[in-house]
Amino acid sequence: MSTGSGGGLQDPPAEVLAEAAAAFGLLATPARLHIVWALAQGESDVTGLAERVGGTLPSVSQHLTKLKLAGLVRSRREGRRQVYLVDDPDVVAVVRLMVGQLAERAGHPSQEPVRLREFGA
């Protein structure tokens, strides 16, 4: 591994970079990022997520399936419904940091929930 010139940190292994790129790739769509943002605020079922993010039930369900397969969200059964939540607190931190920074730059108060559509999504 080579050492980068900016602080002496070693470059991560190729498989780690590939895994990070795949996770960022899944979050690169506004709809999936909005779903993860919403789940970072608290767990929800598909109907609640569809209402919150403005998507159809089938499309939100498809996005959740992809996020679930990637290990970014998980679900649990609660009676007759599936409840989804973010499975990785580090992903929550990254999403909150990025969206929060963009919200501040756009002049949105950081304590209010941000709808990604406000950023042209």
# chains A, B, ... in the order shown; residues from 1 in each chain; ligands from 1
$ residues_around --residues "A:Gly71" --least-positions-apart "4" --cutoff "9 Å" --atoms "only C-alpha atoms" --output "number ranges by chain"
A: 66-67, 86-88
$ residues_around --residues "stretch 73-75 of chain A" --least-positions-apart "3" --cutoff "9 Å" --atoms "only C-alpha atoms" --output "JSON, numbers by chain"
{"A": [36, 39, 45, 64, 65, 67, 68, 69, 70, 82, 83, 84, 85, 86, 87, 88]}
$ select_by_dssp --residues "chain A" --states "helix (DSSP H, G or I)" --output "number ranges by chain"
A: 14-26, 30-41, 46-53, 57-69, 89-105, 116-119
$ residues_around --residues "stretch 29-33 of chain A" --least-positions-apart "3" --cutoff "12 Å" --atoms "only C-alpha atoms" --output "NGL selection string"
:A and (23-26 or 36-40 or 49-50 or 52-56 or 59-68 or 72-73 or 86 or 91-92 or 94-96 or 98-99 or 114-121)
$ select_by_dssp --residues "chain A" --states "strand (DSSP E)" --output "ChimeraX atom specification"
/A:73-78,81-86
$ closest_residue --among "A:Ala103, A:Leu97, A:Ala22, A:Pro89" --to "A:Gly42" --atoms "only C-alpha atoms"
A:Pro89
$ atom_distance --atom1 "atom CA of A:Glu78" --atom2 "atom CA of A:Thr47"
13.8 Å
$ atom_distance --atom1 "atom CA of A:Ala106" --atom2 "atom CA of A:Ser44"
27.6 Å
$ decode --residues "stretch 10-23 of chain A" --atoms "C-alpha atoms" --output "PDB file, in the first residue's frame"
ATOM      1  CA  GLN A  10      -2.373   4.490   3.914  1.00  0.00           C
ATOM      2  CA  ASP A  11      -4.578   3.922   0.906  1.00  0.00           C
ATOM      3  CA  PRO A  12      -7.395   1.476   1.641  1.00  0.00           C
ATOM      4  CA  PRO A  13      -7.342  -1.922  -0.061  1.00  0.00           C
ATOM      5  CA  ALA A  14      -9.033  -2.194  -3.452  1.00  0.00           C
ATOM      6  CA  GLU A  15     -11.868  -4.327  -2.056  1.00  0.00           C
ATOM      7  CA  VAL A  16     -12.682  -1.660   0.548  1.00  0.00           C
ATOM      8  CA  LEU A  17     -12.750   1.032  -2.136  1.00  0.00           C
ATOM      9  CA  ALA A  18     -15.003  -1.162  -4.282  1.00  0.00           C
ATOM     10  CA  GLU A  19     -17.386  -1.736  -1.376  1.00  0.00           C
ATOM     11  CA  ALA A  20     -17.506   1.993  -0.581  1.00  0.00           C
ATOM     12  CA  ALA A  21     -18.107   2.838  -4.245  1.00  0.00           C
ATOM     13  CA  ALA A  22     -20.970   0.342  -4.376  1.00  0.00           C
ATOM     14  CA  ALA A  23     -22.570   1.871  -1.262  1.00  0.00           C
TER      15      ALA A  23
END
